[in-house]
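Data block for target21.txt (compact mmCIF, C-alpha atoms (C1' of nucleotides)):
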# COMPACT_ATOMS: atom_id res chain seq x y z
CA MET A 1 25.07 -44.15 -28.87
CA ALA A 2 24.47 -40.48 -28.23
CA SER A 3 21.07 -39.67 -26.84
CA GLN A 4 18.87 -37.06 -28.43
CA ALA A 5 19.24 -33.53 -27.11
CA GLN A 6 16.41 -32.81 -24.69
CA PRO A 7 15.28 -29.28 -23.78
CA GLN A 8 16.75 -29.52 -20.32
CA PRO A 9 17.73 -26.44 -18.27
CA VAL A 10 21.44 -26.18 -17.62
CA ALA A 11 22.40 -26.25 -13.96
CA THR A 12 24.92 -23.48 -13.31
CA ALA A 13 27.43 -23.48 -10.46
CA SER A 14 25.14 -21.15 -8.52
CA ASP A 15 22.23 -23.51 -9.05
CA ILE A 16 24.29 -26.33 -7.58
CA ARG A 17 25.12 -24.23 -4.52
CA LEU A 18 21.44 -23.59 -4.03
CA TYR A 19 20.55 -27.27 -4.38
CA THR A 20 23.24 -28.16 -1.86
CA MET A 21 22.06 -25.58 0.64
CA LEU A 22 18.45 -26.64 0.26
CA ALA A 23 19.42 -30.28 0.72
CA SER A 24 21.01 -29.40 4.04
CA VAL A 25 17.78 -28.06 5.53
CA PRO A 26 16.71 -30.68 8.08
CA ALA A 27 13.24 -32.18 8.25
CA GLY A 28 10.99 -30.34 10.65
CA ARG A 29 12.48 -26.91 9.87
CA VAL A 30 11.78 -24.30 7.21
CA VAL A 31 13.68 -21.52 5.45
CA THR A 32 12.53 -18.52 3.44
CA TYR A 33 13.30 -17.84 -0.20
CA GLY A 34 15.31 -14.78 0.68
CA GLN A 35 17.20 -16.57 3.41
CA LEU A 36 18.19 -19.33 1.03
CA ALA A 37 19.38 -16.82 -1.55
CA GLU A 38 21.43 -14.99 1.06
CA LEU A 39 22.95 -18.23 2.37
CA VAL A 40 24.38 -19.04 -1.04
CA GLY A 41 25.77 -15.54 -1.42
CA PHE A 42 23.06 -13.83 -3.46
CA PRO A 43 21.13 -11.38 -1.30
CA ARG A 44 18.00 -9.89 -2.90
CA ARG A 45 17.50 -12.84 -5.19
CA ALA A 46 14.53 -14.48 -3.51
CA ARG A 47 12.67 -14.61 -6.82
CA TRP A 48 15.54 -16.47 -8.37
CA VAL A 49 15.14 -19.15 -5.71
CA GLY A 50 11.45 -19.40 -6.49
CA GLN A 51 12.25 -19.80 -10.14
CA ILE A 52 14.68 -22.63 -9.48
CA LEU A 53 12.16 -24.45 -7.30
CA ARG A 54 9.47 -24.04 -9.90
CA ASN A 55 11.69 -25.76 -12.45
CA LEU A 56 12.53 -28.71 -10.25
CA PRO A 57 11.49 -32.03 -11.74
CA ASP A 58 8.63 -33.75 -9.92
CA GLY A 59 10.71 -36.66 -8.72
CA SER A 60 13.35 -34.44 -7.15
CA SER A 61 14.68 -35.57 -3.78
CA LEU A 62 15.21 -31.96 -2.70
CA PRO A 63 13.05 -30.72 0.20
CA TRP A 64 11.39 -27.93 -1.82
CA HIS A 65 8.45 -27.99 0.62
CA ARG A 66 10.64 -26.56 3.41
CA VAL A 67 10.77 -23.21 1.63
CA ILE A 68 8.17 -20.57 2.50
CA ASN A 69 8.03 -16.79 2.21
CA ALA A 70 9.24 -14.15 4.65
CA ARG A 71 5.72 -13.65 5.99
CA GLY A 72 5.71 -17.26 7.14
CA GLN A 73 3.20 -18.29 4.53
CA ILE A 74 3.18 -20.99 1.89
CA SER A 75 3.54 -19.13 -1.39
CA LEU A 76 2.02 -21.78 -3.65
CA PRO A 77 -1.72 -21.63 -4.30
CA PRO A 78 -3.35 -24.53 -2.37
CA GLU A 79 -4.70 -26.06 -5.55
CA ASP A 80 -1.32 -25.92 -7.22
CA GLY A 81 0.89 -27.66 -4.68
CA GLY A 82 0.28 -25.56 -1.60
CA GLN A 83 -1.90 -28.19 0.01
CA ARG A 84 0.66 -30.85 -0.78
CA GLN A 85 3.37 -28.68 0.77
CA ALA A 86 1.36 -28.25 3.98
CA GLU A 87 0.87 -32.02 4.23
CA LEU A 88 4.56 -32.73 3.73
CA LEU A 89 5.48 -30.20 6.41
CA ARG A 90 2.98 -31.52 8.93
CA ALA A 91 4.22 -35.03 8.25
CA GLU A 92 7.62 -33.99 9.56
CA GLY A 93 6.30 -32.15 12.58
CA VAL A 94 5.97 -28.57 11.34
CA MET A 95 2.80 -26.89 12.56
CA VAL A 96 0.94 -25.42 9.60
CA THR A 97 -2.32 -23.53 10.14
CA PRO A 98 -5.32 -24.36 7.94
CA ASP A 99 -4.61 -21.22 5.92
CA GLY A 100 -1.05 -22.31 5.26
CA ARG A 101 0.99 -20.38 7.77
CA VAL A 102 4.01 -21.36 9.83
CA ASN A 103 5.45 -19.60 12.88
CA LEU A 104 8.96 -18.73 11.70
CA ALA A 105 10.11 -18.00 15.23
CA ASP A 106 9.54 -21.65 16.06
CA PHE A 107 10.48 -23.48 12.89
CA ARG A 108 13.01 -21.42 10.95
CA TRP A 109 16.25 -23.26 10.33
CA ARG A 110 19.46 -21.46 11.30
CA PRO A 111 22.67 -22.95 9.92
C1' DA J 1 16.04 -4.03 -27.16
C1' DC J 2 11.56 -3.41 -24.62
C1' DA J 3 7.60 -5.29 -21.98
C1' DT J 4 5.75 -8.68 -19.05
C1' DT J 5 5.95 -12.19 -15.63
C1' DG J 6 6.88 -14.44 -11.40
C1' DA J 7 6.90 -20.58 -5.54
C1' DC J 8 9.81 -12.78 -3.26
C1' DG J 9 10.57 -8.92 0.25
C1' DC J 10 10.10 -4.46 2.54
C1' DC J 11 7.39 -0.39 3.70
C1' DC J 12 3.37 1.87 4.75
C1' DA J 13 -1.58 2.84 5.24
C1' DG B 1 -2.60 -8.50 10.99
C1' DT B 2 -3.55 -7.62 6.06
C1' DG B 3 -3.29 -5.82 1.52
C1' DG B 4 -1.38 -2.71 -1.99
C1' DG B 5 2.55 -0.54 -4.06
C1' DC B 6 7.05 -0.63 -5.42
C1' DG B 7 11.77 -2.54 -5.77
C1' DC B 8 14.59 -6.35 -7.28
C1' DC B 9 16.35 -9.69 -10.87
C1' DA B 10 16.30 -13.39 -14.08
C1' DA B 11 13.56 -15.58 -17.56
C1' DT B 12 10.24 -15.07 -21.52
C1' DG B 13 7.65 -13.29 -25.20

Structure encoded using structure tokens:
Amino acid sequence: MASQAQPQPVATASDIRLYTMLASVPAGRVVTYGQLAELVGFPRRARWVGQILRNLPDGSSLPWHRVINARGQISLPPEDGGQRQAELLRAEGVMVTPDGRVNLADFRWRP
DNA sequence: ACATTGACGCCCA
DNA sequence: GTGGGCGCCAATG
């Protein structure tokens, strides 16, 4: 039988490209929002990347925590996921300072 | 259609 | 190094 229509965001082709690119970021490395956008062919769309990540379901297998901003900082407020993100990164060997910063020169992923 | 809102980024003080 | 201002762009109200 047909299931009820749920208010679920439609994944566009561009969204899929982003998911795929994000999935290819290895553990222990990080990328920036802008970098990710550029890698999938959409320069200047860093905010779009942030929007996609924000809408990810909680149980997603995507490594959303490997995405930080161009200043090398975790963009999420600590109380709203930022702390969790820092823990996940440290767990895979990324050095994160107590105030949520990562040295991009050391940990940025380059495809 | 217009205004506001962001998991952003670059420039400059 | 840090913060504020402004630009950018899609999503929302």

Got a sec to pull out which chain A residues are within 8 Å of chain J, counting all atoms listed in the file, and send them as a short mmCIF file (atom, residue, chain, number, x, y, z; two decimals) with C-alpha atoms, in the coordinates of the input?
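Okay, part_27.cif is ready:
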data_model
loop_
_atom_site.label_atom_id
_atom_site.label_comp_id
_atom_site.auth_asym_id
_atom_site.auth_seq_id
_atom_site.Cartn_x
_atom_site.Cartn_y
_atom_site.Cartn_z
CA TYR A 33 13.30 -17.84 -0.20
CA GLY A 34 15.31 -14.78 0.68
CA ARG A 45 17.50 -12.84 -5.19
CA ALA A 46 14.53 -14.48 -3.51
CA ARG A 47 12.67 -14.61 -6.82
CA GLY A 50 11.45 -19.40 -6.49
CA GLN A 51 12.25 -19.80 -10.14
CA LEU A 53 12.16 -24.45 -7.30
CA ARG A 54 9.47 -24.04 -9.90
CA ASN A 69 8.03 -16.79 2.21
CA ALA A 70 9.24 -14.15 4.65
CA SER A 75 3.54 -19.13 -1.39
CA LEU A 76 2.02 -21.78 -3.65
#

Within 12 Å of Glu87 of chain A, counting all atoms listed in the file, which residues show up once you throw out same-chain ones fewer than 5 positions away? Write them as a CSV table (one decimal) with C-alpha atoms, in the coordinates of the input, please.
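Wrote it out as around-v2.csv, contents follow:
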chain,number,residue,atom,x,y,z
A,65,HIS,CA,8.4,-28.0,0.6
A,66,ARG,CA,10.6,-26.6,3.4
A,74,ILE,CA,3.2,-21.0,1.9
A,78,PRO,CA,-3.4,-24.5,-2.4
A,81,GLY,CA,0.9,-27.7,-4.7
A,82,GLY,CA,0.3,-25.6,-1.6
A,92,GLU,CA,7.6,-34.0,9.6
A,93,GLY,CA,6.3,-32.2,12.6
A,94,VAL,CA,6.0,-28.6,11.3
A,95,MET,CA,2.8,-26.9,12.6
A,96,VAL,CA,0.9,-25.4,9.6
A,97,THR,CA,-2.3,-23.5,10.1
A,98,PRO,CA,-5.3,-24.4,7.9
A,100,GLY,CA,-1.0,-22.3,5.3

- Straight-line distance linking atom CA of Ser24 of chain A with atom CA of Leu36 of chain A, stated in Å to one decimal: 10.9 Å

Using all atoms listed in the file, determine which residues lie at most 12 Å from Ala23 of chain A, disregarding the query and same-chain residues fewer than 2 positions distant; provide the list as a short mmCIF file (atom, residue, chain, number, x, y, z; two decimals) with C-alpha atoms, in the frame of the given file.
data_model
loop_
_atom_site.label_atom_id
_atom_site.label_comp_id
_atom_site.auth_asym_id
_atom_site.auth_seq_id
_atom_site.Cartn_x
_atom_site.Cartn_y
_atom_site.Cartn_z
CA ILE A 16 24.29 -26.33 -7.58
CA ARG A 17 25.12 -24.23 -4.52
CA LEU A 18 21.44 -23.59 -4.03
CA TYR A 19 20.55 -27.27 -4.38
CA THR A 20 23.24 -28.16 -1.86
CA MET A 21 22.06 -25.58 0.64
CA VAL A 25 17.78 -28.06 5.53
CA PRO A 26 16.71 -30.68 8.08
CA ALA A 27 13.24 -32.18 8.25
CA ARG A 29 12.48 -26.91 9.87
CA VAL A 30 11.78 -24.30 7.21
CA VAL A 31 13.68 -21.52 5.45
CA LEU A 36 18.19 -19.33 1.03
CA SER A 60 13.35 -34.44 -7.15
CA SER A 61 14.68 -35.57 -3.78
CA LEU A 62 15.21 -31.96 -2.70
CA PRO A 63 13.05 -30.72 0.20
CA TRP A 64 11.39 -27.93 -1.82
CA HIS A 65 8.45 -27.99 0.62
CA ARG A 66 10.64 -26.56 3.41
CA VAL A 67 10.77 -23.21 1.63
#

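Computed from the coordinates, the atom CA of Ala37 of chain A to atom CA of Trp109 of chain A distance equals 13.9 Å.
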
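The chain B residues that come within 8 Å of chain A are DC8, DC9 and DA10 of chain B, with all atoms listed in the file taken into account.
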
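From atom CA of Ile52 of chain A back to atom CA of Thr12 of chain A, the distance works out to 11.0 Å.
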
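The smallest atom-to-atom distance between Ile68 of chain A and any of A:Thr32, A:Gln85, A:Asn55, A:Asn103, using all atoms listed in the file, is found for A:Thr32.
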